[in-house]
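What follows is a short report on a single structure.
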Amino acid sequence: MVIKQLSVFLQNELGRLEEVTDILYKHNINISACSIAETAEYGVLRMIVSDADKAAAALKENDFSVKTSDVICVETPDVPGELHKSLQLLTGAGINLSYMYGYSNGGTARLIMKVSDPAKAIQLLK
Amino acid sequence: MIWNEPMECMSRDQMHELQSRRLKDMIVRVYHNVEFYRRKMQELGLEPGDIQTIDDLVKLPFTTKQDLRDNYPFGLFAVPKSEVVRVHASSGTTGKSTVVAYTRKDVDIFSEVVARCLCCSGVTKHDTVQVAYGYGLFTGGLGLHYGAEKLGAAVVPISGGNTEKQITLLQDFGSTVLACTPSYAAYLAEAIAEAGIDAAELPLRVGVFGAEPWSVEMRAKIEEGLKIKAFDIYGLSEIIGPGVSNSCEQQNGLHVAEDHFVPEILDPNTLKQVAPGVTGELVFTTITKEAMPLLRYRTRDLSSLDYSPCECGRTNVRMAKIFGRSDDMLIIRGVNVFPSQVESVLLEIPEAKPIYMLIVDRKGTMDTLEIQVELDEKYYSDEIAELNNIRNKIKHKVESVLGVSVIISLVEHKTIKRSEGKAQRVIDKRKI
Ligand SMILES: [Zn+2]
């Protein structure tokens, strides 16, 4: 399915990430998946949260640069070859993958993917 | 509208005559009353009689900021202390502050020249002028205040800072004119937009900005943000304060009140006058001031002069918008860099805000120039590749203008300190 991802621009500074989690906690927002992409000077925090719009508003209020974007969440059985199959389908359809992150638990793997065409990707991966 | 037509529109010959007369008179006063200048003239073998016309300016000694510091606080007074009615001082970032003084007549001149500047900016007695320059030892606040009163406008002496209040008064009092530093004007525009107020709905129509160098691009940005016409007012406390010159509606240079302050442009290396139109160091001689007249004061500001008549009707010489201060100039691996150049580039890049900090350091024997730039949040991306594209675009543009390689660091918006007065844009960590 297509879901909303919240991302936050963070400069590399001690405690900056903790401020984000503090704000989310105070607004009673749950984080169900997250990843950080970092460069030498800054990082991008990407998260799937219980209420992306509410979280974005709360962070903006505190002067964070935030963005919500559409990503897809793909569920597959947690067995060898499943990710490979999914990627094959996307590549075959000419859909670009910008980044992904995920986890597996209880025999099911869940992957968050940022792709060039979310709607088409969902159709393919059903 | 011209405030003082006889003084602002006379022929060049008449101006030459007036300046010569006033200079001769001033030299006599200075020679007899200021030991510092008497000694300097004697060292050069000069007597007051050697100065007959304004062309003899070149014979006179220079004055530097250091001379003012050396004579701190009252050593350069040309009148008895009892004649002084006001004192201002500029905060020196290094060492002692420099003190300037005014007699009652000097205060009148100060008010007169600021009134001219406001008039030159299209301000009339029907306007309400919000003076957001700092009041106090700094000449900005009181200078604009007295000038606006002289013009007959209503003054709102709010002083610097307190942004929320500034916005409230812009709304409630309907101020039509704002006077402050350009960096604070830019900050106010940002704050007004953030408060959800449409600047076009405010009665504000004119900005009179000065006290720090700013680019033409910055002027356009402020005009757009505040929906006003922005004018450039120039001055420095040593000469009188703001009011030395101001841009007219032609936006093609600043008319100098040269019946009071005579400008020269010098080659900073040879200290010889350069031809009109050539950029060099701006130097002023005050020819009417009583309390603290200065001979050939070296401003360190870089500009050029244009003596041709202006379409606005004024004949007073125009100085080019200040290009930078020779003090602000950074030498990075042998290349001259002005912070104002960086600002100009950033204003052309929508993804970057024109808010930046230059950090100069030395790694081994190499100078490094890091430019911290705030990313406009509209352009923030969740993809590193996209952010790197923005950074590289900024880097490429800045390097092509400066001619020296730079490190661009994207920082979160609102993390670089906003200034309520003169903006601090450079941190030089090099140990010389
Ligand atoms: Zn003009």
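Ligands are numbered from 1 in the order shown, chains are lettered A, B, ... in the order of the structure tokens, and residues start at 1 in each chain.
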task = Excluding B:Leu57 and any residue of its chain fewer than 2 positions from it, enumerate the residues within 9 Å of it, using only C-alpha atoms, and give them as a VMD selection string.
result = chain B and resid 23 51 53 to 55 59 to 61 285 295 to 296
Item to complete: Would you list the residues that come within 9 Å of ligand 1? Count only C-alpha atoms and all ligand atoms and give the answer as a ChimeraX atom specification.
Response: /B:120,247-255,309-316,318
Point to revise | Exercise answer, chain B residues close to chain A, 12 Å and only C-alpha atoms, as a list in words | key: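 Listing them in order of chain and number gives Glu194, Glu370, Gln372, Val373, Glu374, Leu375, Asp376, Glu377, Lys378, Tyr379, Tyr380, Ser381, Asp382, Glu383, Ile384, Ala385, Glu386, Leu387, Asn388, Arg391, Ile407, Ile408, Ser409, Leu410, Val411, Glu412, His413, Lys414 and Thr415 of chain B.
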Please identify the alpha helix (DSSP H) residues within chain A (assignment by DSSP from backbone atoms) and present them as an NGL selection string.
:A and (16-26 or 52-61 or 82-92 or 118-125)
_So that I can see what lies close to B:Ala89, please list as a PyMOL selection string the residues with an atom at most 7 Å from it, counting only C-alpha atoms and leaving out residues fewer than 3 positions away in the same chain._
chain B and resi 97-100+137-138
Can those selected residues be exported to a file as an mmCIF file, in the first residue's frame so that it contains N, CA and C atoms?
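That gives us part_6.cif:
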data_model
loop_
_atom_site.group_PDB
_atom_site.id
_atom_site.type_symbol
_atom_site.label_atom_id
_atom_site.label_comp_id
_atom_site.auth_asym_id
_atom_site.auth_seq_id
_atom_site.Cartn_x
_atom_site.Cartn_y
_atom_site.Cartn_z
ATOM 1 N N SER B 97 36.254 52.321 21.827
ATOM 2 C CA SER B 97 35.256 52.850 20.910
ATOM 3 C C SER B 97 35.708 54.238 20.467
ATOM 4 N N THR B 98 35.099 54.720 19.372
ATOM 5 C CA THR B 98 35.446 56.056 18.905
ATOM 6 C C THR B 98 34.304 56.992 19.264
ATOM 7 N N VAL B 99 34.683 58.167 19.732
ATOM 8 C CA VAL B 99 33.702 59.120 20.236
ATOM 9 C C VAL B 99 33.543 60.257 19.237
ATOM 10 N N VAL B 100 32.317 60.699 19.029
ATOM 11 C CA VAL B 100 32.078 61.872 18.187
ATOM 12 C C VAL B 100 31.181 62.837 18.947
ATOM 13 N N LEU B 137 24.012 55.235 21.949
ATOM 14 C CA LEU B 137 25.307 55.760 21.516
ATOM 15 C C LEU B 137 25.462 55.678 20.002
ATOM 16 N N PHE B 138 24.822 54.683 19.388
ATOM 17 C CA PHE B 138 24.806 54.518 17.939
ATOM 18 C C PHE B 138 24.018 55.682 17.323
#
Q. Excluding same-chain residues fewer than 6 positions from A:Lys26, what lies within 12 Å of it counting only C-alpha atoms, as a PyMOL selection string?
A. chain A and resi 19-20+54-55+58-59
Contacts of B:Gly225 at 10 Å (only C-alpha atoms; same-chain gap of 4+ positions) as a VMD selection string:
chain B and resid 185 to 190 192 to 193 198 to 200 219 to 221
Could you save those same residues with C-alpha atoms as an mmCIF file, in the first residue's frame?
data_model
loop_
_atom_site.group_PDB
_atom_site.id
_atom_site.type_symbol
_atom_site.label_atom_id
_atom_site.label_comp_id
_atom_site.auth_asym_id
_atom_site.auth_seq_id
_atom_site.Cartn_x
_atom_site.Cartn_y
_atom_site.Cartn_z
ATOM 1 C CA ALA B 185 14.404 44.584 7.122
ATOM 2 C CA ALA B 186 14.914 41.176 5.509
ATOM 3 C CA TYR B 187 14.330 39.495 8.850
ATOM 4 C CA LEU B 188 11.154 41.514 9.431
ATOM 5 C CA ALA B 189 9.850 40.520 5.995
ATOM 6 C CA GLU B 190 10.416 36.891 6.940
ATOM 7 C CA ILE B 192 5.705 39.127 8.737
ATOM 8 C CA ALA B 193 5.213 36.312 6.231
ATOM 9 C CA ASP B 198 0.133 39.866 3.785
ATOM 10 C CA ALA B 199 2.743 42.635 3.475
ATOM 11 C CA ALA B 200 0.706 44.186 0.653
ATOM 12 C CA ARG B 219 17.252 45.431 -2.221
ATOM 13 C CA ALA B 220 14.975 43.678 -4.733
ATOM 14 C CA LYS B 221 14.332 40.869 -2.273
#
So how many Å separate atom CA of B:Ala230 and atom CA of B:Val123, to one decimal?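 Straight-line distance from atom CA of B:Ala230 to atom CA of B:Val123 works out to 11.5 Å.
Take the candidates B:Pro182, B:Gly75, B:Gly174, B:Pro350 and check each one against B:Gly207 using only C-alpha atoms; the shortest distance goes to B:Pro182.
The interatomic distance for the pair atom CA of B:Ser304 and atom CA of B:Val278 works out to 5.5 Å.
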